[in-house]
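What's in upload_22.txt: compact mmCIF, C-alpha atoms and all ligand atoms
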```txt
# COMPACT_ATOMS: atom_id res chain seq x y z
CA MET A 1 29.40 35.53 -35.10
CA MET A 2 25.77 35.33 -34.02
CA GLN A 3 23.93 32.38 -35.50
CA ARG A 4 20.90 33.09 -37.59
CA ALA A 5 18.62 30.86 -35.54
CA GLU A 6 19.59 32.85 -32.45
CA LEU A 7 18.67 36.13 -34.09
CA GLY A 8 15.12 35.06 -34.63
CA LYS A 9 14.74 33.64 -31.15
CA ARG A 10 15.09 36.80 -29.13
CA THR A 11 13.05 39.08 -31.31
CA GLY A 12 10.63 36.59 -32.81
CA ALA A 13 7.97 36.15 -30.15
CA LEU A 14 7.97 39.73 -28.96
CA HIS A 15 7.99 41.23 -32.35
CA SER A 16 5.97 39.08 -34.67
CA ARG A 17 2.52 40.30 -33.65
CA HIS A 18 3.64 43.90 -33.99
CA LEU A 19 5.08 43.25 -37.43
CA ARG A 20 1.96 41.43 -38.57
CA ASP A 21 0.01 44.55 -37.57
CA VAL A 22 2.39 47.17 -38.88
CA ARG A 23 4.20 45.93 -41.99
CA PRO A 24 1.15 45.65 -44.24
CA ASP A 25 0.48 49.33 -43.54
CA PHE A 26 3.62 50.30 -45.49
CA PRO A 27 3.01 49.63 -49.20
CA ALA A 28 6.58 50.50 -50.21
CA LEU A 29 7.80 47.40 -48.37
CA ASN A 30 5.85 45.25 -50.76
CA GLN A 31 8.21 45.39 -53.72
CA GLN A 32 11.28 43.83 -55.24
CA VAL A 33 14.48 45.69 -56.00
CA HIS A 34 16.76 44.11 -58.62
CA GLY A 35 14.60 41.01 -58.36
CA LYS A 36 15.07 40.69 -54.59
CA PRO A 37 12.58 41.55 -51.83
CA LEU A 38 13.28 45.07 -50.54
CA THR A 39 15.21 45.23 -47.27
CA TYR A 40 14.85 48.87 -46.27
CA LEU A 41 17.53 49.93 -43.80
CA ASP A 42 17.65 53.68 -44.44
CA SER A 43 14.87 55.02 -42.23
CA ALA A 44 17.08 57.66 -40.61
CA ALA A 45 17.40 59.30 -44.05
CA THR A 46 13.70 59.06 -44.69
CA SER A 47 11.11 56.67 -43.33
CA LEU A 48 8.60 54.77 -45.43
CA LYS A 49 5.02 56.06 -45.24
CA PRO A 50 2.00 54.20 -43.90
CA ARG A 51 -1.12 53.95 -46.05
CA ALA A 52 -2.92 56.28 -43.58
CA VAL A 53 -0.50 59.11 -44.42
CA ILE A 54 -0.62 58.46 -48.17
CA ASP A 55 -4.44 58.43 -48.04
CA ALA A 56 -4.60 61.64 -45.99
CA VAL A 57 -2.41 63.47 -48.53
CA ALA A 58 -4.38 62.06 -51.49
CA SER A 59 -7.70 63.03 -49.88
CA VAL A 60 -6.65 66.67 -49.72
CA TYR A 61 -6.01 66.77 -53.45
CA ALA A 62 -8.99 64.54 -54.27
CA ALA A 63 -11.62 66.30 -52.19
CA ASP A 64 -10.53 69.32 -50.14
CA CYS A 65 -8.38 71.06 -52.72
CA GLY A 66 -8.85 74.68 -51.75
CA ASN A 67 -6.34 77.31 -50.72
CA ILE A 68 -6.39 78.09 -47.02
CA HIS A 69 -7.34 81.23 -45.11
CA ARG A 70 -8.34 83.23 -48.15
CA ALA A 71 -11.82 82.31 -49.29
CA VAL A 72 -15.26 81.54 -47.96
CA HIS A 73 -16.12 78.74 -50.36
CA THR A 74 -16.52 75.23 -49.00
CA LEU A 75 -13.34 73.63 -50.35
CA SER A 76 -11.25 76.45 -48.95
CA GLU A 77 -13.01 76.23 -45.61
CA ARG A 78 -12.47 72.49 -45.46
CA ALA A 79 -8.79 72.85 -46.36
CA THR A 80 -8.36 75.57 -43.73
CA GLU A 81 -10.06 73.49 -41.09
CA ARG A 82 -7.89 70.47 -41.85
CA TYR A 83 -4.67 72.52 -41.99
CA GLU A 84 -5.34 74.27 -38.68
CA GLY A 85 -6.58 70.99 -37.25
CA ALA A 86 -3.24 69.46 -38.22
CA ARG A 87 -1.43 72.23 -36.35
CA ALA A 88 -3.48 71.58 -33.21
CA ARG A 89 -2.93 67.81 -33.55
CA ILE A 90 0.82 68.19 -33.84
CA ALA A 91 0.94 70.75 -31.00
CA ARG A 92 -0.75 68.15 -28.78
CA GLY A 93 1.58 65.43 -30.07
CA ILE A 94 4.74 67.31 -29.07
CA GLY A 95 3.41 68.87 -25.87
CA ALA A 96 3.32 72.50 -27.07
CA ALA A 97 1.38 74.85 -24.78
CA ARG A 98 -0.76 76.07 -27.69
CA PRO A 99 -1.18 75.43 -31.45
CA GLU A 100 0.27 78.87 -32.24
CA GLU A 101 3.66 77.57 -31.06
CA VAL A 102 3.76 75.25 -34.09
CA VAL A 103 5.08 76.89 -37.26
CA PHE A 104 4.94 74.78 -40.41
CA THR A 105 8.18 74.82 -42.39
CA ARG A 106 9.66 72.84 -45.27
CA GLY A 107 11.62 70.81 -42.75
CA ALA A 108 14.19 71.01 -39.99
CA THR A 109 16.60 72.86 -42.28
CA GLU A 110 14.17 75.69 -42.89
CA GLY A 111 13.27 75.87 -39.18
CA ILE A 112 16.93 76.37 -38.23
CA ASN A 113 17.46 78.96 -40.98
CA LEU A 114 14.36 80.79 -39.76
CA VAL A 115 15.64 81.02 -36.18
CA ALA A 116 19.14 82.01 -37.34
CA ALA A 117 17.69 84.78 -39.52
CA SER A 118 14.82 86.06 -37.39
CA PHE A 119 15.75 85.38 -33.78
CA LEU A 120 19.52 85.46 -33.46
CA PRO A 121 19.95 89.10 -34.59
CA SER A 122 17.49 90.20 -31.89
CA ILE A 123 19.64 88.86 -29.03
CA ALA A 124 23.23 88.82 -30.30
CA LYS A 125 25.76 91.62 -30.22
CA PRO A 126 29.13 91.61 -32.00
CA GLY A 127 31.66 89.47 -30.12
CA ASP A 128 29.02 87.16 -28.64
CA GLU A 129 29.34 83.41 -29.05
CA VAL A 130 27.07 80.79 -30.61
CA LEU A 131 27.78 77.31 -29.30
CA LEU A 132 27.25 74.12 -31.33
CA THR A 133 28.48 70.57 -30.82
CA SER A 134 30.81 68.47 -32.95
CA TRP A 135 27.96 66.02 -33.65
CA GLU A 136 25.79 68.43 -35.63
CA HIS A 137 24.26 67.83 -39.05
CA HIS A 138 25.27 70.45 -41.64
CA ALA A 139 21.74 71.87 -41.28
CA ASN A 140 22.64 72.83 -37.71
CA ILE A 141 26.06 74.24 -38.60
CA VAL A 142 25.93 76.25 -41.80
CA PRO A 143 23.01 78.59 -40.94
CA TRP A 144 24.79 79.56 -37.68
CA GLN A 145 28.09 80.00 -39.49
CA GLN A 146 26.44 82.33 -41.99
CA ALA A 147 24.59 84.26 -39.29
CA ALA A 148 27.76 84.54 -37.18
CA ALA A 149 29.64 86.02 -40.15
CA ARG A 150 26.83 88.54 -40.77
CA LEU A 151 26.51 89.56 -37.12
CA GLY A 152 30.18 89.50 -36.04
CA LEU A 153 29.74 86.52 -33.69
CA HIS A 154 32.14 83.70 -32.81
CA LEU A 155 31.10 80.14 -33.54
CA ARG A 156 32.27 77.80 -30.78
CA VAL A 157 32.15 74.03 -30.90
CA ALA A 158 31.77 71.69 -27.94
CA ARG A 159 33.75 68.61 -28.95
CA LEU A 160 31.77 65.62 -27.79
CA PRO A 161 33.40 62.26 -27.06
CA ILE A 162 33.26 59.59 -29.74
CA ASP A 163 33.80 56.68 -27.36
CA ARG A 164 31.13 57.30 -24.74
CA ALA A 165 27.69 58.91 -24.51
CA PRO A 166 27.96 62.64 -23.86
CA VAL A 167 27.06 64.12 -20.48
CA ALA A 168 25.62 67.61 -19.96
CA GLU A 169 28.97 68.99 -18.84
CA ASP A 170 30.49 68.12 -22.25
CA VAL A 171 28.33 70.93 -23.63
CA LEU A 172 27.94 73.19 -20.61
CA SER A 173 31.68 73.50 -19.96
CA HIS A 174 31.88 75.50 -23.21
CA VAL A 175 29.25 78.06 -22.17
CA THR A 176 30.86 81.38 -21.31
CA ASP A 177 29.58 84.83 -20.32
CA LYS A 178 29.58 85.63 -24.03
CA THR A 179 27.42 82.68 -25.10
CA CYS A 180 24.14 84.03 -26.43
CA PHE A 181 22.79 80.92 -28.14
CA VAL A 182 23.29 77.17 -28.04
CA ALA A 183 22.06 74.82 -30.79
CA PHE A 184 22.48 71.08 -30.45
CA THR A 185 21.11 67.81 -31.73
CA GLU A 186 18.90 65.72 -29.48
CA LEU A 187 20.13 62.53 -31.13
CA SER A 188 23.04 62.17 -33.55
CA ASN A 189 22.07 61.05 -37.06
CA VAL A 190 25.54 59.53 -37.40
CA PHE A 191 25.79 57.57 -34.13
CA GLY A 192 22.16 57.23 -33.01
CA VAL A 193 23.35 58.39 -29.60
CA GLY A 194 21.48 61.07 -27.65
CA LEU A 195 22.50 64.08 -25.63
CA PRO A 196 21.01 64.73 -22.17
CA ALA A 197 18.90 67.51 -23.65
CA GLN A 198 16.73 68.30 -20.66
CA GLU A 199 19.67 68.62 -18.28
CA ILE A 200 21.53 70.87 -20.73
CA LEU A 201 18.46 73.04 -21.28
CA GLN A 202 17.76 73.45 -17.57
CA ALA A 203 21.26 74.80 -17.06
CA LEU A 204 21.01 77.08 -20.12
CA ASN A 205 17.65 78.44 -18.97
CA ALA A 206 19.07 79.12 -15.50
CA ARG A 207 21.83 81.18 -17.16
CA GLY A 208 19.40 82.93 -19.52
CA VAL A 209 21.00 81.46 -22.65
CA ALA A 210 18.62 80.87 -25.58
CA SER A 211 18.56 77.49 -27.29
CA LEU A 212 17.47 75.40 -30.25
CA VAL A 213 17.23 71.62 -30.25
CA ASP A 214 17.53 69.79 -33.56
CA GLY A 215 14.93 67.09 -32.95
CA CYS A 216 15.10 65.52 -36.41
CA GLN A 217 16.18 62.10 -35.11
CA GLY A 218 15.12 62.63 -31.50
CA VAL A 219 11.43 63.02 -32.30
CA VAL A 220 11.53 59.62 -34.01
CA HIS A 221 13.17 57.71 -31.18
CA ARG A 222 11.98 59.49 -28.03
CA SER A 223 8.59 60.75 -27.02
CA VAL A 224 8.88 64.51 -27.09
CA ASP A 225 7.33 67.02 -24.71
CA VAL A 226 8.70 70.35 -25.81
CA SER A 227 7.22 72.23 -22.84
CA ALA A 228 8.90 69.91 -20.33
CA LEU A 229 12.12 69.85 -22.37
CA GLY A 230 12.48 73.60 -22.00
CA ALA A 231 14.09 74.62 -25.31
CA ASP A 232 13.19 77.96 -26.83
CA PHE A 233 13.03 76.27 -30.24
CA TYR A 234 12.70 72.66 -31.38
CA VAL A 235 12.76 71.63 -35.05
CA PHE A 236 12.03 68.45 -36.95
CA SER A 237 11.12 67.16 -40.41
CA GLY A 238 7.94 65.23 -41.16
CA HIS A 239 9.56 62.75 -43.54
CA LYS A 240 11.64 61.00 -40.88
CA LEU A 241 8.54 60.56 -38.72
CA TYR A 242 6.56 58.54 -41.28
CA GLY A 243 5.06 61.77 -42.70
CA PRO A 244 5.44 63.51 -46.08
CA THR A 245 8.54 65.21 -47.43
CA GLY A 246 8.54 69.00 -47.73
CA ILE A 247 6.86 69.59 -44.38
CA GLY A 248 8.38 70.16 -40.97
CA VAL A 249 7.79 71.92 -37.72
CA LEU A 250 9.46 74.76 -35.91
CA TYR A 251 8.23 74.78 -32.34
CA GLY A 252 8.93 78.10 -30.63
CA ARG A 253 7.98 79.31 -27.18
CA TYR A 254 5.15 81.71 -27.91
CA GLU A 255 6.75 84.78 -26.33
CA ARG A 256 9.89 84.15 -28.39
CA LEU A 257 7.92 83.83 -31.65
CA ALA A 258 5.81 86.89 -30.84
CA ALA A 259 8.93 89.03 -30.47
CA MET A 260 10.52 87.86 -33.72
CA ALA A 261 10.70 89.58 -37.10
CA PRO A 262 9.29 87.73 -40.13
CA TYR A 263 11.53 85.34 -42.04
CA GLN A 264 9.99 85.56 -45.50
CA THR A 265 7.36 88.12 -46.38
CA GLY A 266 4.39 88.11 -48.74
CA GLY A 267 0.82 86.88 -48.68
CA ASP A 268 -0.91 85.37 -45.67
CA MET A 269 1.59 86.71 -43.12
CA ILE A 270 0.43 90.33 -43.01
CA GLU A 271 -2.18 92.34 -41.15
CA THR A 272 -2.22 95.37 -43.43
CA VAL A 273 -0.24 96.37 -46.52
CA SER A 274 0.21 99.76 -48.16
CA PHE A 275 2.98 100.91 -50.48
CA GLU A 276 4.48 102.83 -47.56
CA ALA A 277 4.55 100.08 -44.94
CA SER A 278 3.11 96.76 -43.84
CA THR A 279 2.19 95.25 -40.50
CA PHE A 280 2.51 91.57 -39.74
CA ALA A 281 0.18 88.90 -38.43
CA PRO A 282 0.89 87.27 -35.08
CA PRO A 283 2.60 83.85 -34.98
CA PRO A 284 2.37 81.34 -36.51
CA SER A 285 1.03 83.09 -39.67
CA ARG A 286 3.84 85.65 -39.46
CA PHE A 287 6.28 82.85 -40.35
CA GLU A 288 4.22 81.12 -43.03
CA ALA A 289 4.39 83.48 -45.99
CA GLY A 290 2.68 82.28 -49.16
CA THR A 291 0.67 79.14 -49.77
CA PRO A 292 2.08 76.44 -47.49
CA HIS A 293 2.33 72.68 -48.00
CA ILE A 294 -1.30 72.14 -46.98
CA ALA A 295 -1.45 68.45 -47.83
CA GLY A 296 1.92 67.90 -46.18
CA ALA A 297 0.76 69.36 -42.87
CA ILE A 298 -2.38 67.22 -42.99
CA GLY A 299 -0.29 64.17 -43.88
CA LEU A 300 2.04 64.84 -40.95
CA ALA A 301 -0.92 65.05 -38.56
CA ALA A 302 -2.05 61.68 -39.97
CA ALA A 303 1.40 60.30 -39.12
CA PHE A 304 0.94 61.46 -35.51
CA ASP A 305 -2.47 59.74 -35.45
CA TYR A 306 -0.97 56.59 -36.91
CA LEU A 307 1.84 56.51 -34.37
CA GLU A 308 -0.57 57.13 -31.51
CA ALA A 309 -2.82 54.30 -32.69
CA HIS A 310 0.24 52.03 -32.68
CA ALA A 311 1.58 53.51 -29.47
CA ALA A 312 3.22 50.27 -28.39
CA GLU A 313 5.19 50.18 -31.62
CA HIS A 314 5.92 53.89 -31.89
CA THR A 315 9.35 53.30 -30.49
CA LEU A 316 11.39 50.62 -32.17
CA SER A 317 11.40 47.20 -30.65
CA GLU A 318 14.22 47.28 -28.11
CA ALA A 319 14.88 43.60 -28.63
CA LEU A 320 15.27 44.03 -32.38
CA THR A 321 17.52 47.04 -31.89
CA ARG A 322 19.71 45.05 -29.52
CA ASP A 323 19.81 42.12 -31.91
CA PHE A 324 21.00 44.36 -34.74
CA GLU A 325 23.62 45.97 -32.54
CA ASP A 326 24.89 42.66 -31.17
CA ALA A 327 24.97 41.05 -34.60
CA LEU A 328 26.78 43.95 -36.24
CA ALA A 329 29.26 44.17 -33.35
CA ALA A 330 29.97 40.46 -33.73
CA GLU A 331 30.20 40.45 -37.53
CA GLU A 332 33.69 39.73 -38.81
CA GLY A 333 35.11 42.46 -41.05
CA LEU A 334 32.67 45.11 -39.83
CA ALA A 335 33.62 47.89 -37.40
CA LEU A 336 30.78 49.73 -35.67
CA LEU A 337 31.61 53.37 -34.96
CA GLY A 338 30.78 55.72 -32.10
CA PRO A 339 29.69 55.14 -28.53
CA ARG A 340 28.17 51.67 -28.23
CA PRO A 341 25.74 50.29 -27.31
CA ALA A 342 23.49 53.13 -28.40
CA HIS A 343 20.14 51.35 -28.11
CA THR A 344 18.60 53.24 -31.00
CA GLY A 345 18.06 52.02 -34.51
CA ILE A 346 21.07 53.78 -36.10
CA PHE A 347 24.28 51.85 -36.76
CA PRO A 348 27.27 53.47 -38.52
CA PHE A 349 30.09 51.20 -39.62
CA VAL A 350 33.00 50.69 -41.95
CA CYS A 351 34.35 47.50 -43.52
CA PRO A 352 38.13 47.49 -43.97
CA TRP A 353 37.85 45.05 -46.91
CA GLY A 354 35.97 47.38 -49.25
CA HIS A 355 35.08 50.94 -50.13
CA ALA A 356 31.83 52.03 -48.49
CA LEU A 357 30.33 53.23 -51.78
CA ASP A 358 31.10 49.93 -53.54
CA ILE A 359 29.61 47.97 -50.66
CA ALA A 360 26.39 50.01 -50.64
CA THR A 361 26.08 49.67 -54.42
CA PHE A 362 26.46 45.89 -54.28
CA LEU A 363 24.04 45.69 -51.34
CA ASP A 364 21.47 47.52 -53.44
CA LEU A 365 21.84 44.81 -56.09
CA GLU A 366 20.84 42.38 -53.33
CA GLY A 367 17.74 44.50 -52.58
CA VAL A 368 19.28 45.96 -49.41
CA ALA A 369 19.02 49.74 -49.01
CA VAL A 370 21.62 51.28 -46.68
CA ARG A 371 23.06 54.79 -46.46
CA VAL A 372 26.60 55.63 -47.45
CA GLY A 373 28.48 58.90 -47.31
CA HIS A 374 29.30 61.66 -44.83
CA HIS A 375 25.72 61.81 -43.53
CA CYS A 376 25.85 65.62 -43.76
CA ALA A 377 28.33 65.62 -40.89
CA GLN A 378 31.70 66.28 -42.50
CA PRO A 379 33.29 67.73 -39.33
CA LEU A 380 32.42 64.56 -37.42
CA MET A 381 33.72 62.37 -40.28
CA ALA A 382 37.01 64.29 -40.14
CA GLU A 383 37.23 63.60 -36.42
CA LEU A 384 36.58 59.91 -37.04
CA GLY A 385 39.32 59.95 -39.68
CA VAL A 386 37.03 58.76 -42.49
CA THR A 387 35.40 60.47 -45.44
CA SER A 388 32.33 58.26 -45.40
CA THR A 389 30.68 55.44 -43.51
CA LEU A 390 27.92 52.96 -44.16
CA ARG A 391 24.84 53.31 -42.00
CA VAL A 392 22.01 50.92 -41.28
CA SER A 393 18.93 52.46 -39.68
CA LEU A 394 15.63 50.96 -38.60
CA GLY A 395 11.98 51.99 -38.69
CA ILE A 396 8.95 50.67 -36.81
CA TYR A 397 8.42 48.18 -39.66
CA SER A 398 11.92 46.70 -39.41
CA ALA A 399 11.94 42.93 -38.88
CA PRO A 400 14.37 40.22 -37.81
CA SER A 401 14.32 39.07 -41.44
CA ASP A 402 15.88 42.44 -42.41
CA LEU A 403 18.84 41.60 -40.20
CA SER A 404 19.36 38.13 -41.59
CA ARG A 405 18.95 39.37 -45.18
CA PHE A 406 21.41 42.18 -44.53
CA LEU A 407 24.03 39.84 -43.07
CA THR A 408 23.62 37.34 -45.90
CA ALA A 409 23.94 40.11 -48.49
CA LEU A 410 26.95 41.69 -46.76
CA ARG A 411 28.77 38.36 -46.62
CA SER A 412 28.16 37.72 -50.27
CA VAL A 413 29.36 41.24 -51.17
CA ARG A 414 32.45 40.61 -49.09
CA GLN A 415 33.18 37.43 -50.99
CA ARG A 416 32.88 39.33 -54.23
CA LEU A 417 35.01 42.33 -53.19
CA ALA A 418 37.54 41.00 -50.74
N1 LIG B 501 19.32 67.31 -38.45
C1 LIG B 501 19.45 65.98 -38.36
C2 LIG B 501 19.97 65.36 -37.08
C3 LIG B 501 19.12 65.17 -39.46
O1 LIG B 501 19.27 63.85 -39.36
C4 LIG B 501 18.65 65.80 -40.64
C5 LIG B 501 18.30 64.97 -41.85
N2 LIG B 501 19.26 64.02 -42.18
C6 LIG B 501 18.51 67.19 -40.65
C7 LIG B 501 18.85 67.91 -39.54
C8 LIG B 501 17.99 67.91 -41.86
O2 LIG B 501 16.69 67.51 -42.14
P1 LIG B 501 15.97 67.97 -43.50
O3 LIG B 501 16.92 67.65 -44.60
O4 LIG B 501 14.73 67.11 -43.53
O5 LIG B 501 15.65 69.43 -43.36
```
Produce structure tokens that represent the structure in this file.
Ligand code: PMP
Amino acid sequence: MMQRAELGKRTGALHSRHLRDVRPDFPALNQQVHGKPLTYLDSAATSLKPRAVIDAVASVYAADCGNIHRAVHTLSERATERYEGARARIARGIGAARPEEVVFTRGATEGINLVAASFLPSIAKPGDEVLLTSWEHHANIVPWQQAAARLGLHLRVARLPIDRAPVAEDVLSHVTDKTCFVAFTELSNVFGVGLPAQEILQALNARGVASLVDGCQGVVHRSVDVSALGADFYVFSGHKLYGPTGIGVLYGRYERLAAMAPYQTGGDMIETVSFEASTFAPPPSRFEAGTPHIAGAIGLAAAFDYLEAHAAEHTLSEALTRDFEDALAAEEGLALLGPRPAHTGIFPFVCPWGHALDIATFLDLEGVAVRVGHHCAQPLMAELGVTSTLRVSLGIYSAPSDLSRFLTALRSVRQRLA
């Protein structure tokens, strides 16, 4: 078992300046839960928000509270400028070739549904295959399952190893002449382990197979350049990237978006409307029917600014990540799951001495927030032979003290339950 003094030693010097700079920016950290200081270890579910993001959202409602695109008055113009400015900011942040390749959605889930509804029917013919992997989140399974049923397609699954990091061939060996689309996660939300996305995409592009990357966790842990990556579509949610909930991005290669039918229809996505027929605006407006989450988009752009300003800390401290992984691996009565080491801030585990739900509930009473459940990955849970796991996940504000508090709390829960 790793000694507490040792934990601090490796991470302390490297990390303390960063934490002094970053932690005060996250007001939610400054609270007690059940009378104990909050130890937030659920950032993969949703990250805490820096003051800069909270202020950006509040400033939209406080000052620039107009609807976009539809009026000439000043508040509307300001809101439009900030909303479109947010699009351009995010396009730059993810390496899109142009702002019009960024479609604002409610989140990754909506982005995937949009592609399944608007793109897949344009390339698939009955009998074709859609390929997924066994590591997918339900958001990257169910929309394809539904679309496959509607279009007469076969859903194929590339079973990825659970004891080593996947290689490109683990996915590519399942591509056949009938494969018309491949959707896969860049980084598993269960294991915190990545797929070699660029290598997979190069091979798919060479074979002319269209693709979507679920970047929900990847965008948090890797710097993303969608143009270099080479996917046709890349989706993520703002709330895991220190931005607001209810806003996300669908990146699509412009020529793909331009050839796609609308997803939802209504205001702000049309060119002309008569009772006989309507024509549609070019992307991205074509895919943003109705009043969007204006403040959310602006808040997400503020998150990109915040992360850029703290570029050195954008990625998690490697030393801290290693310390968590080493300490959890060494902890008696705790079994880490999946390929290890993963070197990201996501750690799934089970404890044979107690039920995961009970453990998480007692940890909460100690002020420690961890995830418990199937992590929206029931097929992967079935493969692991469990119905649920516990999961600890880190954010850029995570500190060595979170690790020591977690271990202390877990040991005391164990004493109570075992
Ligand atoms: N994919 C992955 C890998 C995720 O981790 C999540 C969120 N847990 C999603 C998709 C869905 O994201 P959202 O619920 O924000 O749409």
Could you please extract the residues within 9 Å of ligand LIG 501 (chain B), counting all atoms listed in the file, and hand them back as a ChimeraX atom specification? /A:44-46,106-112,135-140,185-190,214-218,235-240,245-248,375-376
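The smallest atom-to-atom distance between A:Leu132 and any of A:Phe26, A:Tyr83, A:Phe184, A:Tyr397, using all atoms listed in the file, is found for A:Phe184.
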Report, in Å with one decimal, the straight-line distance from atom CA of A:Ala281 to atom CA of A:Ala91. 19.6 Å
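In this structure, atom CA of A:Arg256 sits 25.7 Å away from atom CA of A:Ser173.
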Output as a tab-separated table one row per residue of stretch 34-65 of chain A within 12 Å of stretch 351-369 of chain A: the closest atom pair and its distance in Å to one decimal place, counting only C-alpha atoms, sorted by chain and residue number ascending.
```
residue	atom	partner	partner_atom	distance
A:His34	CA	A:Leu365	CA	5.7
A:Gly35	CA	A:Gly367	CA	7.4
A:Lys36	CA	A:Gly367	CA	5.1
A:Pro37	CA	A:Gly367	CA	6.0
A:Leu38	CA	A:Gly367	CA	4.9
A:Thr39	CA	A:Val368	CA	4.7
A:Tyr40	CA	A:Ala369	CA	5.1
A:Leu41	CA	A:Ala369	CA	5.4
A:Asp42	CA	A:Ala369	CA	6.2
A:Ser43	CA	A:Ala369	CA	9.5
A:Ala44	CA	A:Ala369	CA	11.7
A:Ala45	CA	A:Ala369	CA	10.9
A:Thr46	CA	A:Ala369	CA	11.6
A:Ser47	CA	A:Ala369	CA	12.0
```
Taking C-alpha atoms for each residue, export the selection above as a PDB file, in the coordinates of the input.
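Below you can see part.pdb, which holds the result:
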```
ATOM      1  CA  HIS A  34      16.760  44.110 -58.620  1.00  0.00           C
ATOM      2  CA  GLY A  35      14.600  41.010 -58.360  1.00  0.00           C
ATOM      3  CA  LYS A  36      15.070  40.690 -54.590  1.00  0.00           C
ATOM      4  CA  PRO A  37      12.580  41.550 -51.830  1.00  0.00           C
ATOM      5  CA  LEU A  38      13.280  45.070 -50.540  1.00  0.00           C
ATOM      6  CA  THR A  39      15.210  45.230 -47.270  1.00  0.00           C
ATOM      7  CA  TYR A  40      14.850  48.870 -46.270  1.00  0.00           C
ATOM      8  CA  LEU A  41      17.530  49.930 -43.800  1.00  0.00           C
ATOM      9  CA  ASP A  42      17.650  53.680 -44.440  1.00  0.00           C
ATOM     10  CA  SER A  43      14.870  55.020 -42.230  1.00  0.00           C
ATOM     11  CA  ALA A  44      17.080  57.660 -40.610  1.00  0.00           C
ATOM     12  CA  ALA A  45      17.400  59.300 -44.050  1.00  0.00           C
ATOM     13  CA  THR A  46      13.700  59.060 -44.690  1.00  0.00           C
ATOM     14  CA  SER A  47      11.110  56.670 -43.330  1.00  0.00           C
TER      15      SER A  47
END
```
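With distances restricted to only C-alpha atoms, A:Ile162 is the closest residue to A:Gly385 from A:Ile162, A:Ala148, A:Val167, A:Ala295.
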Among the residues A:Ala342, A:Cys65, A:Ala86, A:Ala289, the one that comes closest to A:Gln264 [using only C-alpha atoms]: A:Ala289
Excluding A:Gly290 and any residue of its chain fewer than 6 positions from it, enumerate the residues within 9 Å of it, using only C-alpha atoms, and give them as a PDB file with C-alpha atoms, in the coordinates of the input.
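Contents of the output file selection_22.pdb:
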```
ATOM      1  CA  GLN A 264       9.990  85.560 -45.500  1.00  0.00           C
ATOM      2  CA  THR A 265       7.360  88.120 -46.380  1.00  0.00           C
ATOM      3  CA  GLY A 266       4.390  88.110 -48.740  1.00  0.00           C
ATOM      4  CA  GLY A 267       0.820  86.880 -48.680  1.00  0.00           C
ATOM      5  CA  ASP A 268      -0.910  85.370 -45.670  1.00  0.00           C
ATOM      6  CA  MET A 269       1.590  86.710 -43.120  1.00  0.00           C
TER       7      MET A 269
END
```
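Counting all atoms listed in the file and comparing A:Val392, A:Ala301, A:Leu114, A:Val220, the residue that lies closest to A:Phe287 is A:Leu114.
Relative to atom CA of A:Gly299, atom CA of A:Gly243 is found at 6.0 Å.
For the residues A:Arg411, A:His343, A:Arg371, A:Arg253, ranking by smallest atom-to-atom distance to A:Arg98 using all atoms listed in the file places A:Arg253 first.
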Nearest-residue call for A:Ala231, choices A:Ile141, A:Ala96, A:Ala330, A:Leu120, using only C-alpha atoms: A:Ala96
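Residues within 9 Å of stretch 124-128 of chain A, counting only C-alpha atoms and excluding same-chain residues fewer than 6 positions away, are Ala148, Leu151, Gly152, Leu153, His154, Leu155, Asp177, Lys178, Thr179, Cys180 and Phe181 of chain A.
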Enclose stretch 23-42 of chain A, meaning all of its atoms listed in the file, in a box aligned along x, y and z, pad it by 6 Å on each side, and list the centre and edge lengths in Å to one decimal, as lines of an AutoDock Vina configuration file.
```
center_x = 9.1
center_y = 47.2
center_z = -50.3
size_x = 29.2
size_y = 25.0
size_z = 28.6
```
Fewer than 6 positions away in the same chain doesn't count, so skip those; otherwise give me all residues within 10 Å of A:Arg82, counting all atoms listed in the file, as a compact mmCIF listing (two decimals) with C-alpha atoms, keeping the file's coordinate frame.
```
# COMPACT_ATOMS: atom_id res chain seq x y z
CA VAL A 60 -6.65 66.67 -49.72
CA ASP A 64 -10.53 69.32 -50.14
CA ILE A 68 -6.39 78.09 -47.02
CA SER A 76 -11.25 76.45 -48.95
CA ALA A 88 -3.48 71.58 -33.21
CA ILE A 294 -1.30 72.14 -46.98
CA ALA A 295 -1.45 68.45 -47.83
CA ALA A 297 0.76 69.36 -42.87
CA ILE A 298 -2.38 67.22 -42.99
CA ALA A 301 -0.92 65.05 -38.56
```
Just give me the residues with any atom within 7 Å of (31.2, 76.6, -32.2), file coordinates, counting all atoms listed in the file, written as a PyMOL selection string. chain A and resi 130-133+155-158
